[in-house]
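Text of the file coords-v6.tsv, holding TSV, C-alpha atoms and all ligand atoms:
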```
chain	number	residue	atom	x	y	z
A	1204	MET	CA	18.19	-25.86	-42.94
A	1205	THR	CA	19.72	-25.66	-46.35
A	1206	LEU	CA	17.88	-23.94	-49.12
A	1207	SER	CA	19.22	-24.74	-52.53
A	1208	VAL	CA	18.18	-22.51	-55.43
A	1209	ALA	CA	19.01	-22.84	-59.12
A	1210	LEU	CA	17.00	-20.83	-61.60
A	1211	ARG	CA	17.06	-19.47	-65.12
A	1212	HIS	CA	14.52	-17.19	-66.69
A	1213	ARG	CA	14.48	-14.77	-69.58
A	1214	PHE	CA	12.32	-11.63	-69.33
A	1215	ALA	CA	12.23	-9.15	-72.22
A	1216	GLY	CA	15.60	-7.39	-71.89
A	1217	PHE	CA	16.66	-9.11	-68.66
A	1218	ASP	CA	17.59	-12.61	-67.71
A	1219	VAL	CA	18.25	-14.33	-64.42
A	1220	ASP	CA	20.70	-17.21	-64.25
A	1221	LEU	CA	22.01	-18.14	-60.84
A	1222	ASP	CA	22.37	-20.84	-58.26
A	1223	PHE	CA	23.29	-20.76	-54.61
A	1224	GLU	CA	22.87	-22.57	-51.31
A	1225	ALA	CA	21.63	-20.71	-48.25
A	1226	PRO	CA	22.95	-22.23	-45.01
A	1227	LYS	CA	21.14	-21.84	-41.71
A	1228	GLY	CA	20.65	-18.36	-40.24
A	1229	VAL	CA	19.63	-15.32	-42.25
A	1230	THR	CA	20.68	-15.21	-45.88
A	1231	VAL	CA	20.28	-11.74	-47.31
A	1232	LEU	CA	19.82	-11.26	-51.03
A	1233	PHE	CA	21.62	-7.96	-51.49
A	1234	GLY	CA	22.14	-5.83	-54.56
A	1235	PRO	CA	20.97	-2.75	-56.44
A	1236	SER	CA	17.47	-2.21	-57.78
A	1237	GLY	CA	16.75	-4.54	-60.67
A	1238	ALA	CA	19.38	-7.12	-59.62
A	1239	GLY	CA	16.77	-9.87	-59.44
A	1240	LYS	CA	16.33	-10.18	-55.67
A	1241	SER	CA	12.52	-10.23	-55.62
A	1242	THR	CA	12.48	-12.57	-58.61
A	1243	VAL	CA	14.50	-15.13	-56.62
A	1244	LEU	CA	12.38	-14.70	-53.50
A	1245	ASN	CA	9.12	-15.04	-55.45
A	1246	ALA	CA	10.40	-18.19	-57.15
A	1247	VAL	CA	11.17	-19.72	-53.73
A	1248	ALA	CA	7.72	-18.62	-52.48
A	1249	GLY	CA	6.07	-20.33	-55.45
A	1250	LEU	CA	4.58	-17.00	-56.59
A	1251	PHE	CA	6.70	-16.85	-59.75
A	1252	HIS	CA	7.44	-19.81	-62.02
A	1253	PRO	CA	10.74	-19.47	-63.88
A	1254	GLU	CA	11.38	-21.34	-67.15
A	1255	HIS	CA	13.99	-23.47	-65.38
A	1256	ALA	CA	14.07	-23.97	-61.64
A	1257	ARG	CA	15.24	-26.45	-59.09
A	1258	ILE	CA	14.53	-25.32	-55.54
A	1259	THR	CA	14.87	-27.62	-52.54
A	1260	LEU	CA	14.54	-27.05	-48.82
A	1261	ASP	CA	16.33	-29.58	-46.62
A	1262	GLY	CA	16.23	-31.98	-49.54
A	1263	THR	CA	12.46	-31.57	-50.12
A	1264	VAL	CA	11.74	-30.44	-53.66
A	1265	LEU	CA	9.66	-27.23	-53.91
A	1266	SER	CA	10.18	-26.70	-57.65
A	1267	ASP	CA	11.81	-28.87	-60.26
A	1268	THR	CA	10.90	-27.90	-63.80
A	1269	GLY	CA	12.90	-30.88	-65.14
A	1270	ARG	CA	10.50	-33.23	-63.33
A	1271	ARG	CA	7.47	-30.96	-63.72
A	1272	ILE	CA	7.18	-30.52	-59.96
A	1273	SER	CA	5.93	-27.28	-58.48
A	1274	VAL	CA	4.52	-27.41	-54.97
A	1275	ALA	CA	1.66	-24.89	-54.59
A	1276	ALA	CA	2.65	-21.72	-52.75
A	1277	HIS	CA	0.39	-22.38	-49.75
A	1278	ARG	CA	1.73	-25.92	-49.33
A	1279	ARG	CA	5.40	-24.88	-49.12
A	1280	ARG	CA	5.23	-24.12	-45.37
A	1281	LEU	CA	6.92	-20.75	-45.82
A	1282	GLY	CA	6.14	-17.54	-43.94
A	1283	VAL	CA	6.20	-14.58	-46.29
A	1284	ILE	CA	6.60	-10.96	-45.16
A	1285	PHE	CA	6.29	-8.27	-47.79
A	1286	GLN	CA	7.33	-4.62	-47.79
A	1287	ASP	CA	3.80	-3.36	-47.19
A	1288	GLY	CA	2.62	-6.03	-44.72
A	1289	ARG	CA	-0.17	-7.17	-47.06
A	1290	LEU	CA	-2.67	-7.92	-44.33
A	1291	PHE	CA	-6.23	-8.79	-45.31
A	1292	PRO	CA	-8.10	-5.49	-44.85
A	1293	HIS	CA	-11.46	-7.11	-44.05
A	1294	LEU	CA	-10.07	-9.34	-41.26
A	1295	THR	CA	-9.14	-8.28	-37.73
A	1296	VAL	CA	-5.54	-8.52	-36.57
A	1297	ARG	CA	-6.33	-11.79	-34.77
A	1298	GLN	CA	-7.97	-13.28	-37.85
A	1299	ASN	CA	-4.99	-12.17	-39.92
A	1300	LEU	CA	-2.64	-13.82	-37.43
A	1301	ARG	CA	-4.54	-17.09	-37.69
A	1302	TYR	CA	-4.84	-17.05	-41.43
A	1303	GLY	CA	-1.60	-18.87	-42.26
A	1304	ARG	CA	-2.46	-21.73	-39.90
A	1305	TRP	CA	-5.51	-22.87	-41.84
A	1306	PHE	CA	-3.14	-24.68	-44.15
A	1307	LEU	CA	-1.49	-26.65	-41.35
A	1308	ARG	CA	-2.52	-30.17	-40.64
A	1309	GLY	CA	-2.53	-31.84	-37.23
A	1310	ARG	CA	-2.03	-30.51	-33.72
A	1311	SER	CA	-1.36	-26.87	-34.52
A	1312	ARG	CA	-4.68	-26.18	-36.17
A	1313	PRO	CA	-6.42	-23.17	-34.65
A	1314	GLY	CA	-8.33	-24.19	-31.56
A	1315	SER	CA	-5.77	-26.72	-30.28
A	1316	TRP	CA	-3.96	-26.12	-27.00
A	1317	ALA	CA	-0.55	-26.00	-28.69
A	1318	ALA	CA	-1.82	-23.45	-31.19
A	1319	ALA	CA	-3.27	-21.19	-28.46
A	1320	ARG	CA	-0.02	-21.34	-26.50
A	1321	ARG	CA	2.01	-20.55	-29.56
A	1322	GLU	CA	-0.30	-17.72	-30.54
A	1323	SER	CA	-0.07	-16.05	-27.13
A	1324	ASP	CA	3.74	-16.39	-27.15
A	1325	VAL	CA	4.01	-14.76	-30.56
A	1326	ILE	CA	1.57	-11.97	-29.63
A	1327	GLU	CA	3.59	-11.26	-26.51
A	1328	MET	CA	6.95	-11.36	-28.25
A	1329	LEU	CA	5.79	-8.85	-30.85
A	1330	GLY	CA	3.91	-6.66	-28.35
A	1331	ILE	CA	0.72	-6.75	-30.42
A	1332	GLY	CA	-1.73	-7.81	-27.66
A	1333	PRO	CA	-3.55	-4.46	-27.64
A	1334	LEU	CA	-4.00	-4.64	-31.42
A	1335	VAL	CA	-5.69	-8.02	-31.87
A	1336	GLY	CA	-9.24	-6.67	-32.17
A	1337	ARG	CA	-8.34	-3.88	-34.59
A	1338	MET	CA	-8.65	-3.73	-38.37
A	1339	PRO	CA	-5.42	-3.38	-40.41
A	1340	GLY	CA	-6.53	-0.01	-41.84
A	1341	THR	CA	-6.27	1.54	-38.36
A	1342	LEU	CA	-2.66	0.40	-37.72
A	1343	SER	CA	0.58	2.33	-38.25
A	1344	GLY	CA	3.13	0.97	-40.74
A	1345	GLY	CA	5.31	-0.43	-37.94
A	1346	GLU	CA	2.33	-2.11	-36.25
A	1347	ARG	CA	1.21	-3.65	-39.54
A	1348	GLN	CA	4.70	-5.03	-40.07
A	1349	ARG	CA	4.75	-6.60	-36.58
A	1350	VAL	CA	1.42	-8.29	-37.32
A	1351	ALA	CA	2.82	-9.53	-40.65
A	1352	ILE	CA	5.81	-11.05	-38.78
A	1353	GLY	CA	3.37	-12.70	-36.35
A	1354	ARG	CA	1.27	-14.14	-39.16
A	1355	ALA	CA	4.37	-15.55	-40.85
A	1356	LEU	CA	5.58	-17.12	-37.59
A	1357	LEU	CA	2.23	-18.68	-36.74
A	1358	ALA	CA	2.18	-20.55	-40.02
A	1359	GLU	CA	5.02	-22.59	-38.40
A	1360	PRO	CA	7.19	-22.02	-41.42
A	1361	ARG	CA	10.23	-24.05	-42.34
A	1362	LEU	CA	11.67	-20.82	-43.73
A	1363	ILE	CA	10.66	-17.15	-43.55
A	1364	LEU	CA	10.87	-15.09	-46.71
A	1365	ALA	CA	11.07	-11.33	-46.14
A	1366	ASP	CA	11.01	-8.97	-49.12
A	1367	GLU	CA	12.38	-5.57	-48.05
A	1368	PRO	CA	10.24	-5.70	-44.92
A	1369	LEU	CA	11.53	-2.36	-43.62
A	1370	SER	CA	11.78	-0.29	-46.74
A	1371	ALA	CA	8.32	1.29	-46.47
A	1372	LEU	CA	9.07	2.48	-42.91
A	1373	ASP	CA	10.71	5.68	-41.70
A	1374	ASP	CA	13.96	5.45	-39.72
A	1375	ALA	CA	12.25	5.42	-36.33
A	1376	ARG	CA	9.92	2.56	-37.36
A	1377	LYS	CA	12.85	0.67	-38.92
A	1378	ALA	CA	14.71	0.89	-35.62
A	1379	GLU	CA	11.58	-0.46	-33.91
A	1380	ILE	CA	11.13	-3.49	-36.20
A	1381	LEU	CA	14.71	-4.59	-36.88
A	1382	PRO	CA	15.21	-5.99	-33.34
A	1383	TYR	CA	12.24	-8.34	-33.94
A	1384	PHE	CA	14.01	-9.80	-36.95
A	1385	GLU	CA	17.13	-10.16	-34.82
A	1386	ARG	CA	15.06	-12.06	-32.24
A	1387	LEU	CA	13.73	-14.39	-34.93
A	1388	ARG	CA	17.33	-15.05	-35.94
A	1389	ASP	CA	18.90	-15.34	-32.47
A	1390	GLU	CA	16.20	-16.65	-30.12
A	1391	LEU	CA	13.75	-18.54	-32.29
A	1392	ARG	CA	16.43	-19.44	-34.83
A	1393	VAL	CA	13.98	-19.34	-37.71
A	1394	PRO	CA	15.87	-19.59	-41.01
A	1395	MET	CA	15.24	-16.63	-43.29
A	1396	LEU	CA	15.78	-15.48	-46.82
A	1397	TYR	CA	15.71	-11.70	-46.59
A	1398	VAL	CA	15.79	-9.22	-49.46
A	1399	SER	CA	17.38	-5.83	-48.87
A	1400	HIS	CA	19.25	-3.14	-50.69
A	1401	SER	CA	20.19	-1.26	-47.53
A	1402	ALA	CA	23.81	-1.90	-46.51
A	1403	PRO	CA	23.35	-0.89	-42.83
A	1404	GLU	CA	20.36	-3.24	-42.52
A	1405	VAL	CA	22.31	-6.09	-44.12
A	1406	ALA	CA	25.21	-5.44	-41.74
A	1407	ARG	CA	22.93	-6.01	-38.77
A	1408	ILE	CA	20.80	-8.91	-39.86
A	1409	ALA	CA	22.79	-11.10	-42.27
A	1410	THR	CA	24.51	-14.34	-41.39
A	1411	THR	CA	25.24	-14.92	-45.06
A	1412	VAL	CA	25.11	-12.36	-47.86
A	1413	ALA	CA	24.32	-13.36	-51.44
A	1414	LEU	CA	25.31	-10.43	-53.61
A	1415	LEU	CA	23.26	-10.16	-56.79
A	1416	GLY	CA	23.82	-7.97	-59.85
A	1417	ARG	CA	21.93	-8.00	-63.15
A	1418	GLY	CA	20.39	-11.37	-62.56
A	1419	ARG	CA	23.63	-13.09	-61.53
A	1420	LEU	CA	25.13	-14.21	-58.24
A	1421	LEU	CA	28.29	-12.10	-57.83
A	1422	GLN	CA	29.42	-13.43	-54.48
A	1423	ILE	CA	28.15	-15.33	-51.45
A	1424	GLY	CA	29.68	-15.64	-48.00
A	1425	PRO	CA	29.69	-14.29	-44.43
A	1426	ALA	CA	28.57	-10.65	-44.13
A	1427	ALA	CA	32.03	-9.37	-43.12
A	1428	GLU	CA	33.58	-10.93	-46.21
A	1429	VAL	CA	31.02	-9.88	-48.78
A	1430	LEU	CA	30.14	-6.34	-47.64
A	1431	SER	CA	33.67	-5.04	-48.18
A	1432	ALA	CA	34.14	-6.85	-51.50
A	1433	PRO	CA	34.53	-4.64	-54.60
A	1434	ALA	CA	31.19	-5.69	-56.13
A	1435	ALA	CA	29.34	-4.85	-52.90
A	1436	VAL	CA	31.15	-1.52	-52.68
A	1437	ALA	CA	29.98	-0.67	-56.21
A	1438	GLY	CA	26.41	-1.76	-55.44
A	1439	ALA	CA	26.14	0.02	-52.10
A	1440	GLY	CA	27.39	3.43	-53.37
A	1441	ARG	CA	27.29	6.03	-50.60
A	1442	GLU	CA	26.10	3.42	-48.11
A	1443	ALA	CA	29.18	1.20	-48.53
A	1444	GLY	CA	30.71	0.08	-45.27
A	1445	ALA	CA	32.65	-2.76	-43.69
A	1446	VAL	CA	31.64	-5.09	-40.89
A	1447	ILE	CA	34.13	-6.31	-38.31
A	1448	SER	CA	33.77	-8.41	-35.23
A	1449	ALA	CA	34.88	-7.22	-31.78
A	1450	ARG	CA	34.74	-8.34	-28.15
A	1451	VAL	CA	33.82	-6.13	-25.19
A	1452	LEU	CA	36.89	-5.81	-22.93
A	1453	ARG	CA	35.80	-3.37	-20.22
A	1454	HIS	CA	33.66	-0.36	-19.41
A	1455	HIS	CA	35.53	2.71	-18.23
A	1456	ALA	CA	34.21	5.06	-15.56
A	1457	ASP	CA	34.00	7.94	-18.04
A	1458	GLY	CA	31.30	6.11	-20.00
A	1459	ILE	CA	33.49	4.61	-22.69
A	1460	THR	CA	33.48	0.91	-23.57
A	1461	GLU	CA	36.76	-0.61	-24.70
A	1462	LEU	CA	36.60	-3.36	-27.31
A	1463	ASP	CA	39.14	-5.68	-28.82
A	1464	ALA	CA	39.01	-6.29	-32.56
A	1465	GLY	CA	41.76	-8.67	-33.63
A	1466	GLY	CA	44.18	-7.11	-31.13
A	1467	VAL	CA	43.23	-3.51	-31.97
A	1468	ALA	CA	41.66	-1.50	-29.12
A	1469	LEU	CA	38.49	0.32	-30.13
A	1470	PHE	CA	36.43	2.70	-27.99
A	1471	LEU	CA	32.71	3.36	-28.14
A	1472	PRO	CA	30.30	5.38	-26.02
A	1473	LEU	CA	29.00	3.01	-23.33
A	1474	VAL	CA	27.74	-0.20	-24.91
A	1475	ASN	CA	25.13	-2.12	-22.97
A	1476	ALA	CA	26.83	-5.52	-23.07
A	1477	ARG	CA	28.86	-7.61	-20.66
A	1478	PRO	CA	32.64	-7.92	-20.95
A	1479	GLY	CA	33.28	-10.90	-23.22
A	1480	ALA	CA	30.20	-10.27	-25.40
A	1481	ARG	CA	30.88	-10.22	-29.11
A	1482	LEU	CA	29.65	-7.31	-31.18
A	1483	ARG	CA	29.30	-6.76	-34.85
A	1484	LEU	CA	30.56	-3.31	-35.81
A	1485	ARG	CA	29.62	-1.54	-38.99
A	1486	ILE	CA	31.98	1.19	-40.12
A	1487	ALA	CA	30.59	3.26	-42.99
A	1488	ALA	CA	33.21	4.06	-45.65
A	1489	SER	CA	32.23	7.73	-45.48
A	1490	ASP	CA	33.08	7.76	-41.75
A	1491	VAL	CA	36.67	6.60	-42.27
A	1492	ILE	CA	39.49	9.02	-43.08
A	1493	LEU	CA	43.05	7.99	-43.89
A	1494	ALA	CA	46.39	9.29	-42.63
A	1495	ARG	CA	50.01	8.33	-43.35
A	1496	GLU	CA	50.82	8.21	-39.67
A	1497	ARG	CA	48.89	7.94	-36.44
A	1498	PRO	CA	47.96	11.58	-35.81
A	1499	ALA	CA	48.37	13.16	-32.39
A	1500	GLY	CA	45.81	15.50	-30.83
A	1501	LEU	CA	42.76	14.17	-32.60
A	1502	SER	CA	39.38	13.74	-30.94
A	1503	ALA	CA	38.58	10.51	-32.82
A	1504	LEU	CA	39.38	7.52	-30.62
A	1505	ASN	CA	39.56	4.74	-33.15
A	1506	MET	CA	42.63	4.31	-35.28
A	1507	LEU	CA	43.47	1.15	-37.18
A	1508	PRO	CA	46.77	0.78	-39.02
A	1509	GLY	CA	46.60	-1.26	-42.20
A	1510	VAL	CA	47.80	-1.92	-45.72
A	1511	VAL	CA	45.92	-0.76	-48.80
A	1512	GLU	CA	44.62	-3.73	-50.73
A	1513	SER	CA	42.72	-2.11	-53.58
A	1514	LEU	CA	41.05	1.07	-54.85
A	1515	HIS	CA	37.64	1.37	-56.49
A	1516	GLU	CA	36.39	4.34	-58.45
A	1517	ASP	CA	32.90	5.40	-57.44
A	1518	GLY	CA	31.97	8.46	-59.49
A	1519	ASN	CA	33.84	11.45	-58.06
A	1520	VAL	CA	35.33	9.55	-55.16
A	1521	VAL	CA	37.58	6.57	-54.53
A	1522	VAL	CA	36.75	3.77	-52.11
A	1523	VAL	CA	39.93	2.36	-50.57
A	1524	ARG	CA	39.95	-1.16	-49.14
A	1525	LEU	CA	42.43	-1.46	-46.29
A	1526	ASN	CA	43.46	-4.67	-44.56
A	1527	THR	CA	43.83	-4.18	-40.81
A	1528	ALA	CA	44.32	-6.62	-37.94
A	1529	ALA	CA	40.62	-6.14	-37.15
A	1530	GLY	CA	39.53	-7.04	-40.69
A	1531	ALA	CA	38.98	-5.23	-43.98
A	1532	LEU	CA	37.88	-1.57	-43.75
A	1533	LEU	CA	36.62	0.79	-46.43
A	1534	SER	CA	37.30	4.49	-46.74
A	1535	ARG	CA	35.60	6.88	-49.13
A	1536	ILE	CA	37.93	9.71	-50.06
A	1537	THR	CA	38.26	12.26	-52.85
A	1538	HIS	CA	40.63	11.86	-55.78
A	1539	ARG	CA	42.53	14.83	-54.42
A	1540	SER	CA	43.14	13.15	-51.03
A	1541	CYS	CA	44.01	9.97	-52.84
A	1542	SER	CA	46.84	11.62	-54.76
A	1543	ALA	CA	47.93	13.81	-51.82
A	1544	LEU	CA	48.37	10.69	-49.67
A	1545	ASP	CA	49.74	8.67	-52.58
A	1546	VAL	CA	47.29	5.88	-51.86
A	1547	ARG	CA	48.16	2.74	-53.80
A	1548	PRO	CA	48.02	-1.00	-53.17
A	1549	GLY	CA	50.64	-1.96	-50.59
A	1550	ALA	CA	50.77	1.51	-48.95
A	1551	ARG	CA	50.77	1.51	-45.15
A	1552	LEU	CA	48.17	3.92	-43.77
A	1553	VAL	CA	46.16	4.53	-40.64
A	1554	ALA	CA	42.37	4.44	-40.86
A	1555	ILE	CA	40.56	6.78	-38.48
A	1556	ALA	CA	36.94	5.85	-37.84
A	1557	LYS	CA	34.81	8.86	-36.94
A	1558	SER	CA	31.88	6.72	-35.87
A	1559	LEU	CA	30.92	3.08	-35.56
A	1560	SER	CA	27.54	1.45	-35.13
A	1561	HIS	CA	27.16	-1.81	-33.31
A	1562	ALA	CA	24.82	-4.77	-32.90
A	1563	PRO	CA	25.10	-7.96	-30.86
A	1564	GLU	CA	26.75	-10.77	-32.73
A	1565	ASP	CA	26.37	-13.66	-30.35
A	1566	ILE	CA	23.18	-15.60	-30.18
A	1567	GLY	CA	21.41	-14.54	-26.98
A	1568	THR	CA	24.04	-11.97	-25.95
A	1569	PRO	CA	22.86	-10.60	-22.62
A	1570	PHE	CA	22.36	-6.83	-22.83
A	1571	CYS	CA	22.03	-5.80	-19.22
A	1572	ASP	CA	23.34	-3.67	-16.36
A	1573	ILE	CA	27.07	-3.53	-16.60
A	1574	PRO	CA	29.88	-3.08	-14.13
A	1575	ARG	CA	32.28	-0.22	-14.93
A	1576	THR	CA	35.97	-0.16	-14.10
A	1577	ALA	CA	37.79	2.99	-13.12
A	1601	LIG	N1	7.13	-10.19	-64.77
A	1601	LIG	C1	8.15	-9.52	-65.29
A	1601	LIG	N2	8.17	-9.17	-66.59
A	1601	LIG	C2	9.21	-8.51	-67.12
A	1601	LIG	N3	10.29	-8.16	-66.42
A	1601	LIG	C3	10.33	-8.47	-65.14
A	1601	LIG	C4	9.26	-9.16	-64.49
A	1601	LIG	N4	9.60	-9.34	-63.19
A	1601	LIG	C5	10.81	-8.77	-63.03
A	1601	LIG	N5	11.25	-8.26	-64.21
A	1601	LIG	C6	12.52	-7.59	-64.43
A	1601	LIG	O1	13.53	-8.32	-63.78
A	1601	LIG	C7	14.48	-7.42	-63.21
A	1601	LIG	C8	14.72	-7.78	-61.76
A	1601	LIG	O2	13.56	-7.46	-61.02
A	1601	LIG	P1	13.48	-7.73	-59.46
A	1601	LIG	O3	12.20	-7.13	-58.97
A	1601	LIG	O4	13.71	-9.17	-59.20
A	1601	LIG	O5	14.72	-6.89	-58.94
A	1601	LIG	P2	15.11	-6.47	-57.47
A	1601	LIG	O6	16.55	-6.74	-57.32
A	1601	LIG	O7	14.19	-7.10	-56.49
A	1601	LIG	O8	14.84	-4.91	-57.53
A	1601	LIG	P3	14.26	-3.89	-56.44
A	1601	LIG	O9	15.31	-3.72	-55.39
A	1601	LIG	O10	14.04	-2.63	-57.23
A	1601	LIG	O11	12.97	-4.47	-55.92
A	1601	LIG	C9	13.97	-6.02	-63.45
A	1601	LIG	O12	14.67	-5.45	-64.53
A	1601	LIG	C10	12.53	-6.22	-63.76
A	1601	LIG	O13	12.08	-5.22	-64.64
```
As structure tokens, the full file:
Amino acid sequence: MTLSVALRHRFAGFDVDLDFEAPKGVTVLFGPSGAGKSTVLNAVAGLFHPEHARITLDGTVLSDTGRRISVAAHRRRLGVIFQDGRLFPHLTVRQNLRYGRWFLRGRSRPGSWAAARRESDVIEMLGIGPLVGRMPGTLSGGERQRVAIGRALLAEPRLILADEPLSALDDARKAEILPYFERLRDELRVPMLYVSHSAPEVARIATTVALLGRGRLLQIGPAAEVLSAPAAVAGAGREAGAVISARVLRHHADGITELDAGGVALFLPLVNARPGARLRLRIAASDVILARERPAGLSALNMLPGVVESLHEDGNVVVVRLNTAAGALLSRITHRSCSALDVRPGARLVAIAKSLSHAPEDIGTPFCDIPRTA
């Protein structure tokens, strides 16, 4: 799947002018409020018609203002998931699930064997069997969002568009729904364009990050590259953090898992993954402190020596970008610490990570019972 987007539009006081290509996997449109993320997503969905647009999916034209082509939204074969679920309130969950399929031609029309099979698979995957007879008004926010994912999937989309699908949910519901998006990415391999302004969410879900600011594309690339870039740091504010890749080495008897990240040993409370599995680690900038030398007698287990690459002012604090063997890390420190440590580009320092969060990186990584070594 390659989605190619080029659009230009002038609103009163704001204009969008950008083009990018989204490769397969999940491409997250990331950036602060008002950057233009929803505008791009709505243009791809066919719900917004920019003055100039050329949007193609695998070479098929969806919009081309130069040739006066604009495929109707319901004929684009896209599954759209909005922040608030947007289920039809007068239809049951099952009728909502089937709604997207009415636009499909051929064997997958409701009633066919293939459609029934597909429907039961999707219902099972999302755990919404007990909900099918209910009306949307009686569902919780998390349940509504799972039904919205199911409806999008059953439309057999060529691409799923998700516009901040978790932002209306509390943290517990977010944690419940995010793994379903990871399953779409890893097991079903449905390509997605996903809008978010939450850095931790992007760190978990994104294959590619397109960083937007004031209607422009600032940067596009793999999550690890873009999330620690200066423009992302500025956009993410307090949530800024880096993503690095690590491999599970072994599980120790005291409940600690040892990882290898570019030759650096990292230690986490027991991770439910087999030795050899690759993990994606997010290290929030506010959880990293800096030292001139590797300190002794410290409870933190994870220390990564590196060289300062750059410094970025962020209000009252400074975000330091450090190159380590494991990848780029960010640290959020005060101006006072910055001068006390004499932090400047080229300085050799040790980053101490107070906490790390992790998610599987490999497609289909088995999370299972794990042998521990003494
Ligand atoms: N129909 C419209 N008329 C006028 N201005 C608009 C319209 N739609 C969007 N805009 C403006 O375009 C800018 C980008 O809006 P958009 O919703 O795409 O941003 P966003 O990055 O998705 O923001 P958020 O994270 O807050 O949803 C905003 O300044 C918005 O006011």
Restrict the calculation to only C-alpha atoms and all ligand atoms, then for each residue of chain A with any atom at most 9 Å from an atom of ligand LIG 1601 (chain A) give the closest atom pair and their distance in Å to one decimal, rows by chain and rising residue number, as a Markdown table.
```
| residue | atom | partner | partner_atom | distance |
| --- | --- | --- | --- | --- |
| A:Arg1213 | CA | A:LIG1601 | N3 | 8.4 |
| A:Phe1214 | CA | A:LIG1601 | C2 | 4.9 |
| A:Ala1215 | CA | A:LIG1601 | C2 | 6.0 |
| A:Gly1216 | CA | A:LIG1601 | N3 | 7.7 |
| A:Phe1217 | CA | A:LIG1601 | O1 | 5.9 |
| A:Asp1218 | CA | A:LIG1601 | O1 | 7.1 |
| A:Val1219 | CA | A:LIG1601 | O1 | 7.7 |
| A:Leu1232 | CA | A:LIG1601 | O6 | 8.4 |
| A:Phe1233 | CA | A:LIG1601 | O6 | 7.8 |
| A:Gly1234 | CA | A:LIG1601 | O6 | 6.3 |
| A:Pro1235 | CA | A:LIG1601 | O9 | 5.8 |
| A:Ser1236 | CA | A:LIG1601 | O10 | 3.5 |
| A:Gly1237 | CA | A:LIG1601 | O5 | 3.6 |
| A:Ala1238 | CA | A:LIG1601 | O6 | 3.7 |
| A:Gly1239 | CA | A:LIG1601 | O4 | 3.1 |
| A:Lys1240 | CA | A:LIG1601 | O6 | 3.8 |
| A:Ser1241 | CA | A:LIG1601 | O7 | 3.7 |
| A:Thr1242 | CA | A:LIG1601 | O4 | 3.7 |
| A:Val1243 | CA | A:LIG1601 | O4 | 6.5 |
| A:Leu1244 | CA | A:LIG1601 | O4 | 8.1 |
| A:Asn1245 | CA | A:LIG1601 | O4 | 8.3 |
| A:Phe1251 | CA | A:LIG1601 | N1 | 8.4 |
| A:Asp1366 | CA | A:LIG1601 | O7 | 8.2 |
| A:Glu1367 | CA | A:LIG1601 | O11 | 8.0 |
| A:Val1398 | CA | A:LIG1601 | O7 | 7.5 |
| A:Ser1399 | CA | A:LIG1601 | O9 | 7.2 |
| A:His1400 | CA | A:LIG1601 | O9 | 6.2 |
| A:Leu1415 | CA | A:LIG1601 | O6 | 7.5 |
| A:Gly1416 | CA | A:LIG1601 | O6 | 7.8 |
| A:Arg1417 | CA | A:LIG1601 | C8 | 7.3 |
| A:Gly1418 | CA | A:LIG1601 | C8 | 6.8 |
```
Problem set entry | Spatial sel., origin (31.4, -6.0, -55.2), limit 10 Å, only C-alpha atoms, listed as a count of residues only | 18
Seminar exercise, completed: From CA of Ala1480 (chain A) to CA of Gly1345 (chain A) the spacing works out at 29.6 Å
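Proximity to Leu1329 (chain A) was assessed for A:Leu1362, A:Arg1278, A:Leu1387, A:Glu1404 counting all atoms listed in the file; the smallest distance is recorded for A:Leu1387.
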Problem set entry | A:Ala1488, A:Ala1456, A:Ala1406, A:Ala1225 ranked by distance to Glu1385 (chain A), top pick (using all atoms listed in the file) | A:Ala1406
